[in-house]
file data_22.cif (mmCIF, C-alpha atoms and all ligand atoms)
data_my_file
#
loop_
_atom_site.label_atom_id
_atom_site.label_comp_id
_atom_site.auth_asym_id
_atom_site.auth_seq_id
_atom_site.Cartn_x
_atom_site.Cartn_y
_atom_site.Cartn_z
CA MET A 229 21.00 30.29 -5.29
CA SER A 230 19.96 31.68 -8.68
CA ASP A 231 17.84 29.97 -11.36
CA THR A 232 21.02 29.09 -13.23
CA THR A 233 22.80 27.45 -10.28
CA GLU A 234 23.70 23.91 -11.31
CA ARG A 235 21.52 21.38 -9.52
CA ASN A 236 21.90 17.67 -8.76
CA ARG A 237 25.50 17.71 -9.96
CA TYR A 238 26.78 14.64 -8.08
CA GLY A 239 30.35 15.95 -8.12
CA ARG A 240 33.49 14.26 -6.83
CA LEU A 241 32.94 14.18 -3.07
CA CYS A 242 29.22 13.50 -3.38
CA ALA A 243 29.88 10.59 -5.79
CA GLU A 244 32.59 9.13 -3.54
CA ILE A 245 30.24 9.29 -0.56
CA TYR A 246 27.36 7.75 -2.56
CA ASP A 247 29.52 4.73 -3.34
CA LEU A 248 30.73 4.46 0.29
CA ASP A 249 27.24 4.85 1.72
CA LYS A 250 25.45 2.65 -0.84
CA PRO A 251 27.97 0.22 -2.26
CA VAL A 252 27.21 -2.12 -5.16
CA GLY A 253 24.39 -4.49 -4.15
CA SER A 254 23.17 -2.38 -1.19
CA LEU A 255 19.57 -1.27 -0.43
CA PHE A 256 16.45 -3.41 -0.70
CA ASP A 257 15.50 -3.13 -4.34
CA GLY A 258 17.68 -5.88 -5.89
CA PRO A 259 15.26 -8.82 -5.57
CA TYR A 260 12.32 -6.69 -6.80
CA TYR A 261 14.12 -5.61 -9.96
CA GLN A 262 15.59 -9.06 -10.60
CA GLY A 263 12.11 -10.56 -10.26
CA ARG A 264 10.55 -7.99 -12.61
CA LEU A 265 13.28 -8.20 -15.25
CA LYS A 266 14.22 -11.88 -15.33
CA GLY A 267 13.37 -13.67 -18.54
CA LEU A 268 12.97 -10.45 -20.54
CA ASP A 269 13.98 -10.79 -24.12
CA GLY A 270 16.12 -7.73 -24.87
CA PRO A 271 18.35 -5.15 -23.24
CA VAL A 272 17.38 -3.08 -20.19
CA LEU A 273 18.29 0.58 -19.68
CA GLU A 274 18.86 2.10 -16.25
CA ALA A 275 18.19 5.83 -16.35
CA ALA A 276 20.52 7.74 -13.96
CA CYS A 277 22.48 4.53 -13.23
CA GLY A 278 24.95 6.37 -10.97
CA SER A 279 27.69 4.22 -9.43
CA GLY A 280 26.18 0.96 -10.72
CA ARG A 281 24.86 0.08 -7.26
CA LEU A 282 21.95 -1.79 -8.85
CA THR A 283 23.11 -2.00 -12.50
CA ILE A 284 26.03 -4.28 -11.63
CA PRO A 285 24.13 -6.94 -9.61
CA LEU A 286 21.48 -7.03 -12.37
CA LEU A 287 24.19 -7.51 -14.98
CA GLU A 288 25.72 -10.26 -12.85
CA ALA A 289 22.28 -11.90 -12.65
CA GLY A 290 22.17 -12.11 -16.45
CA VAL A 291 20.11 -8.99 -17.31
CA ALA A 292 21.57 -7.20 -20.36
CA MET A 293 21.98 -3.81 -18.66
CA GLU A 294 23.07 -0.47 -20.12
CA GLY A 295 23.01 2.88 -18.34
CA PHE A 296 23.17 6.62 -18.69
CA ASP A 297 23.83 9.32 -16.11
CA ARG A 298 24.65 13.01 -16.28
CA SER A 299 27.44 12.94 -13.69
CA ALA A 300 30.90 12.11 -15.07
CA GLU A 301 32.03 11.36 -11.50
CA MET A 302 29.25 8.81 -10.87
CA LEU A 303 29.89 7.18 -14.26
CA ALA A 304 33.63 6.93 -13.54
CA ILE A 305 32.86 5.09 -10.29
CA CYS A 306 30.39 2.86 -12.15
CA ALA A 307 32.99 1.99 -14.79
CA THR A 308 35.57 1.18 -12.06
CA ASN A 309 33.05 -0.95 -10.16
CA ALA A 310 32.19 -2.89 -13.34
CA ALA A 311 35.82 -3.34 -14.40
CA ALA A 312 36.74 -4.62 -10.92
CA ARG A 313 34.26 -7.45 -11.53
CA GLY A 314 35.40 -8.09 -15.10
CA LEU A 315 32.08 -6.83 -16.47
CA ASP A 316 31.55 -5.08 -19.77
CA LEU A 317 28.92 -2.35 -19.39
CA ARG A 318 27.76 0.28 -21.91
CA LEU A 319 27.58 3.66 -20.16
CA VAL A 320 26.59 6.97 -21.72
CA GLN A 321 26.94 10.43 -20.18
CA ALA A 322 23.58 12.13 -20.75
CA GLY A 323 20.68 13.74 -18.91
CA PHE A 324 17.00 12.86 -18.61
CA ASP A 325 16.36 15.69 -21.05
CA ASP A 326 18.71 14.66 -23.85
CA PHE A 327 19.62 10.97 -23.60
CA ASP A 328 19.61 9.21 -26.95
CA MET A 329 20.78 5.62 -26.72
CA GLY A 330 20.12 4.84 -30.39
CA ARG A 331 18.21 1.64 -29.72
CA ALA A 332 14.99 0.31 -28.17
CA TYR A 333 14.85 -1.54 -24.84
CA ALA A 334 12.72 -4.33 -23.43
CA ALA A 335 12.54 -2.33 -20.18
CA ILE A 336 13.72 0.92 -18.64
CA ILE A 337 14.24 1.23 -14.89
CA VAL A 338 14.50 4.39 -12.81
CA PRO A 339 15.29 3.14 -9.30
CA ALA A 340 16.26 4.96 -6.08
CA SER A 341 13.78 7.80 -6.68
CA SER A 342 16.05 9.41 -9.30
CA PHE A 343 12.97 10.56 -11.22
CA ILE A 344 12.17 13.19 -8.59
CA LEU A 345 15.49 14.88 -9.37
CA ILE A 346 13.68 16.30 -12.40
CA ASP A 347 12.42 19.33 -10.49
CA ASP A 348 9.86 20.61 -12.97
CA PHE A 349 6.50 19.07 -13.99
CA GLU A 350 6.81 19.61 -17.77
CA ALA A 351 10.38 18.33 -17.80
CA GLY A 352 9.20 15.22 -15.92
CA VAL A 353 6.48 14.55 -18.50
CA ALA A 354 9.01 15.11 -21.32
CA ALA A 355 11.33 12.52 -19.71
CA LEU A 356 8.45 10.02 -19.55
CA ALA A 357 7.88 10.56 -23.30
CA ARG A 358 11.60 10.02 -23.95
CA PHE A 359 11.43 6.76 -21.94
CA ARG A 360 8.44 5.70 -24.08
CA ASP A 361 10.38 6.43 -27.28
CA HIS A 362 13.27 4.23 -26.09
CA LEU A 363 11.00 1.23 -25.40
CA ALA A 364 10.18 -1.50 -27.89
CA PRO A 365 6.41 -2.03 -28.36
CA GLY A 366 5.17 -3.77 -25.21
CA GLY A 367 8.31 -2.66 -23.33
CA GLN A 368 8.06 -1.93 -19.63
CA LEU A 369 8.92 1.13 -17.54
CA LEU A 370 9.69 0.54 -13.84
CA LEU A 371 10.06 3.72 -11.81
CA ASP A 372 10.23 4.41 -8.06
CA ILE A 373 9.25 7.57 -6.23
CA PRO A 374 8.99 8.39 -2.53
CA PRO A 375 5.58 9.30 -1.07
CA MET A 376 4.56 12.99 -0.84
CA SER A 377 5.66 13.02 2.83
CA PHE A 378 9.25 13.07 1.53
CA PHE A 379 8.69 16.79 0.95
CA GLU A 380 8.89 17.30 4.73
CA ALA A 381 12.00 15.10 5.22
CA GLU A 382 14.83 16.58 7.31
CA GLY A 383 18.46 15.60 6.71
CA ARG A 384 20.81 14.95 9.63
CA PRO A 385 24.59 15.42 9.56
CA ARG A 386 26.44 12.23 8.66
CA SER A 387 30.05 11.07 8.29
CA TRP A 388 31.99 8.21 6.73
CA ARG A 389 35.56 6.90 6.88
CA ALA A 390 37.15 6.43 3.44
CA GLU A 391 39.48 3.50 2.78
CA ASN A 392 42.55 5.78 3.07
CA GLY A 393 41.38 7.03 6.48
CA ASP A 394 39.92 10.39 5.32
CA LEU A 395 36.86 11.55 7.23
CA LEU A 396 34.04 12.52 4.83
CA THR A 397 31.12 14.57 6.14
CA HIS A 398 27.78 15.76 4.83
CA GLU A 399 25.19 18.22 6.08
CA SER A 400 22.09 19.59 4.46
CA GLN A 401 19.93 22.74 4.77
CA ILE A 402 16.69 23.67 3.05
CA ALA A 403 17.38 26.44 0.49
CA VAL A 404 13.99 26.59 -1.27
CA SER A 405 10.66 25.08 -0.28
CA ASP A 406 7.77 25.56 -2.71
CA PRO A 407 4.75 23.40 -1.84
CA ILE A 408 2.76 24.77 -4.80
CA ALA A 409 5.33 23.53 -7.33
CA GLN A 410 5.88 20.46 -5.05
CA ARG A 411 9.56 21.39 -5.27
CA ARG A 412 12.33 21.71 -2.75
CA VAL A 413 16.03 22.55 -3.00
CA ASN A 414 18.54 21.53 -0.35
CA ARG A 415 21.96 23.12 0.00
CA ASP A 416 24.31 20.26 0.84
CA ARG A 417 27.88 20.69 2.05
CA TYR A 418 30.39 17.85 1.68
CA GLU A 419 33.82 17.95 3.34
CA ARG A 420 36.97 15.84 3.38
CA TRP A 421 39.10 15.94 6.54
CA ARG A 422 42.62 14.48 6.71
CA ASP A 423 44.74 14.45 9.87
CA GLY A 424 42.37 16.97 11.44
CA ARG A 425 42.54 19.45 8.51
CA LEU A 426 39.83 20.34 6.04
CA VAL A 427 41.34 19.46 2.64
CA GLU A 428 38.32 19.60 0.31
CA ALA A 429 34.78 20.98 0.39
CA GLU A 430 31.94 20.89 -2.11
CA ILE A 431 28.52 22.53 -2.17
CA GLU A 432 25.72 20.77 -4.05
CA PHE A 433 22.19 22.00 -4.60
CA PHE A 434 19.78 19.07 -4.56
CA ALA A 435 16.52 19.96 -6.22
CA TYR A 436 13.58 17.61 -6.34
CA ARG A 437 9.89 17.58 -7.15
CA VAL A 438 7.52 15.16 -5.43
CA TRP A 439 4.60 13.56 -7.30
CA GLY A 440 1.16 12.41 -6.20
CA VAL A 441 0.24 8.83 -7.07
CA LYS A 442 -2.71 9.78 -9.28
CA GLU A 443 -0.72 12.64 -10.81
CA LEU A 444 2.04 10.29 -12.00
CA GLU A 445 -0.50 7.70 -13.20
CA MET A 446 -2.15 10.42 -15.31
CA ALA A 447 1.19 11.71 -16.61
CA LEU A 448 2.16 8.19 -17.72
CA ALA A 449 -1.20 7.72 -19.47
CA SER A 450 -0.89 11.17 -21.11
CA VAL A 451 2.26 10.13 -22.98
CA GLY A 452 0.80 6.82 -24.12
CA PHE A 453 1.68 4.29 -21.42
CA GLY A 454 -0.88 1.60 -20.59
CA GLU A 455 -1.25 -1.04 -17.85
CA VAL A 456 -0.13 1.51 -15.25
CA GLU A 457 0.19 -0.21 -11.85
CA VAL A 458 1.53 0.98 -8.50
CA CYS A 459 2.63 -1.06 -5.50
CA GLY A 460 4.25 -0.13 -2.18
CA ASN A 461 7.66 -1.05 -0.76
CA TYR A 462 8.62 -3.36 -3.68
CA ARG A 463 5.70 -5.72 -2.99
CA THR A 464 4.34 -6.38 -6.48
CA GLY A 465 0.55 -6.52 -6.42
CA ARG A 466 0.19 -4.86 -2.98
CA PRO A 467 -1.30 -1.37 -3.39
CA PRO A 468 0.57 1.47 -1.70
CA LYS A 469 -0.49 2.46 1.80
CA THR A 470 0.34 5.16 4.33
CA GLY A 471 3.75 4.52 5.84
CA ASP A 472 5.28 3.01 2.70
CA GLY A 473 8.75 4.42 2.09
CA ILE A 474 8.70 3.86 -1.67
CA LEU A 475 6.08 3.61 -4.40
CA ASN A 476 6.84 1.38 -7.37
CA PHE A 477 5.22 2.26 -10.69
CA SER A 478 5.12 -0.05 -13.69
CA ALA A 479 3.70 0.80 -17.10
CA ARG A 480 3.82 -0.64 -20.58
CA ARG A 481 4.38 1.00 -23.95
CA ALA A 482 1.38 0.17 -26.11
C1 LIG A 501 19.96 8.64 -6.13
S1 LIG A 501 21.21 8.44 -7.36
C2 LIG A 501 20.71 6.87 -8.03
C3 LIG A 501 21.83 6.11 -8.69
C4 LIG A 501 21.47 4.68 -9.10
N1 LIG A 501 20.36 4.65 -10.04
C5 LIG A 501 21.11 3.84 -7.90
O1 LIG A 501 20.02 3.27 -7.91
O2 LIG A 501 21.92 3.73 -6.98
C6 LIG A 501 20.67 9.63 -8.56
C7 LIG A 501 21.48 9.67 -9.85
O3 LIG A 501 20.81 10.56 -10.74
C8 LIG A 501 21.79 11.23 -11.51
N2 LIG A 501 21.17 12.44 -12.06
C9 LIG A 501 20.75 13.55 -11.38
N3 LIG A 501 20.17 14.41 -12.21
C10 LIG A 501 20.21 13.84 -13.45
C11 LIG A 501 19.76 14.24 -14.73
N4 LIG A 501 19.13 15.41 -14.91
N5 LIG A 501 19.95 13.41 -15.77
C12 LIG A 501 20.58 12.22 -15.60
N6 LIG A 501 21.04 11.79 -14.41
C13 LIG A 501 20.86 12.59 -13.36
C14 LIG A 501 22.91 11.49 -10.54
O4 LIG A 501 24.12 11.79 -11.20
C15 LIG A 501 22.90 10.20 -9.73
O5 LIG A 501 23.81 9.27 -10.27
#
call {"tool": "encode", "arguments": {"input": "data_22.cif", "output": "structure tokens"}}
result
Amino acid sequence: MSDTTERNRYGRLCAEIYDLDKPVGSLFDGPYYQGRLKGLDGPVLEAACGSGRLTIPLLEAGVAMEGFDRSAEMLAICATNAAARGLDLRLVQAGFDDFDMGRAYAAIIVPASSFILIDDFEAGVAALARFRDHLAPGGQLLLDIPPMSFFEAEGRPRSWRAENGDLLTHESQIAVSDPIAQRRVNRDRYERWRDGRLVEAEIEFFAYRVWGVKELEMALASVGFGEVEVCGNYRTGRPPKTGDGILNFSARRA
């Protein structure tokens, strides 16, 4: 891959598989986010909202959600998922580096470790500043990252059966591993098989950068966030410990 190869594209097959693998309401983060956001006075933005997996249950629970995402394919699935439930949801196609929602939010959430898809330190800090600028004074940022051990994670081949019977497959290989930049790129191949024939294939390059706990605390403080707190595995108030699968940061715009 070259420096200009598009990364973290979430194209058609990848988006379809995301929605099959993690349908609306799946994973363990729903109660945590509902608990943290309930009773907030004002709208909430989900950065990189994807298929609406979490956006939609939060909207159904009465949180005034809006979302942005760079992938047109993920946003199309999100819009379909919302419409199927009769929900009206503002969605904007934009990236972490250029989103401009034109309003201030009571909270911004970045669930499912999407923040690590910003694979460069300075770009990550710039995104934190952009989050700050989209928060009302006193507004809250809630952001999840995996622990540093995620850098070593190995993918295993997986497959799914689509509703029309197609077999969808995914396998992943390490393309770049740079422990100094805390960055890795995986080359992921997605395939669609129908009646025993390969009918579609897609290559995606997934680039991510892992963060240390103190490093992210300092980055948040450096762009003007206060009250920075971290807990482990969605247990508010319980400091992170070895073995936690997810680290949950919260911070407040002064
Ligand atoms: C792991 S998914 C999370 C989706 C959703 N937030 C959830 O919790 O299920 C990551 C999302 O990040 C989006 N994404 C990747 N790079 C992005 C970027 N630079 N700017 C905005 N969105 C991006 C992808 O399109 C994808 O929808």
call {"tool": "residues_near_ligand", "arguments": {"input": "data_22.cif", "ligand": "ligand LIG 501 (chain A)", "cutoff": "6 Å", "atoms": "all atoms listed in the file", "output": "list in words"}}
result
Asn236, Tyr238, Ala276, Cys277, Gly278, Arg281, Leu282, Asp297, Arg298, Ser299, Met302, Ala322, Gly323, Phe324, Pro339, Ala340, Ser342 and Leu345 of chain A
call {"tool": "closest_residue", "arguments": {"input": "data_22.cif", "among": "A:Asp423, A:Glu274, A:Glu301, A:Glu294", "to": "Tyr246 (chain A)", "atoms": "all atoms listed in the file"}}
result
A:Glu301
call {"tool": "closest_residue", "arguments": {"input": "data_22.cif", "among": "A:Ala381, A:Leu395, A:Ala300, A:Val441", "to": "Arg420 (chain A)", "atoms": "all atoms listed in the file"}}
result
A:Leu395
call {"tool": "closest_residue", "arguments": {"input": "data_22.cif", "among": "A:Val338, A:Met293, A:Ala447, A:Leu356", "to": "Leu370 (chain A)", "atoms": "all atoms listed in the file"}}
result
A:Val338
call {"tool": "residues_around", "arguments": {"input": "data_22.cif", "residues": "Arg425 (chain A)", "least_positions_apart": "3", "cutoff": "12 Å", "atoms": "all atoms listed in the file", "output": "VMD selection string"}}
result
chain A and resid 394 to 396 419 to 422 428 to 429
call {"tool": "write_last_selection", "arguments": {"input": "data_22.cif", "atoms": "C-alpha atoms", "output": "PDB file, in the coordinates of the input"}}
result
ATOM      1  CA  ASP A 394      39.920  10.390   5.320  1.00  0.00           C
ATOM      2  CA  LEU A 395      36.860  11.550   7.230  1.00  0.00           C
ATOM      3  CA  LEU A 396      34.040  12.520   4.830  1.00  0.00           C
ATOM      4  CA  GLU A 419      33.820  17.950   3.340  1.00  0.00           C
ATOM      5  CA  ARG A 420      36.970  15.840   3.380  1.00  0.00           C
ATOM      6  CA  TRP A 421      39.100  15.940   6.540  1.00  0.00           C
ATOM      7  CA  ARG A 422      42.620  14.480   6.710  1.00  0.00           C
ATOM      8  CA  GLU A 428      38.320  19.600   0.310  1.00  0.00           C
ATOM      9  CA  ALA A 429      34.780  20.980   0.390  1.00  0.00           C
TER      10      ALA A 429
END
call {"tool": "atom_distance", "arguments": {"input": "data_22.cif", "atom1": "CA of Gly290 (chain A)", "atom2": "CA of Leu268 (chain A)"}}
result
10.2 Å
call {"tool": "atom_distance", "arguments": {"input": "data_22.cif", "atom1": "CA of Leu317 (chain A)", "atom2": "CA of Phe296 (chain A)"}}
result
10.7 Å
call {"tool": "atom_distance", "arguments": {"input": "data_22.cif", "atom1": "CA of Ile284 (chain A)", "atom2": "CA of Glu391 (chain A)"}}
result
21.2 Å
call {"tool": "closest_residue", "arguments": {"input": "data_22.cif", "among": "A:Leu369, A:Ser478, A:Gln410, A:Ser387", "to": "Gly465 (chain A)", "atoms": "all atoms listed in the file"}}
result
A:Ser478
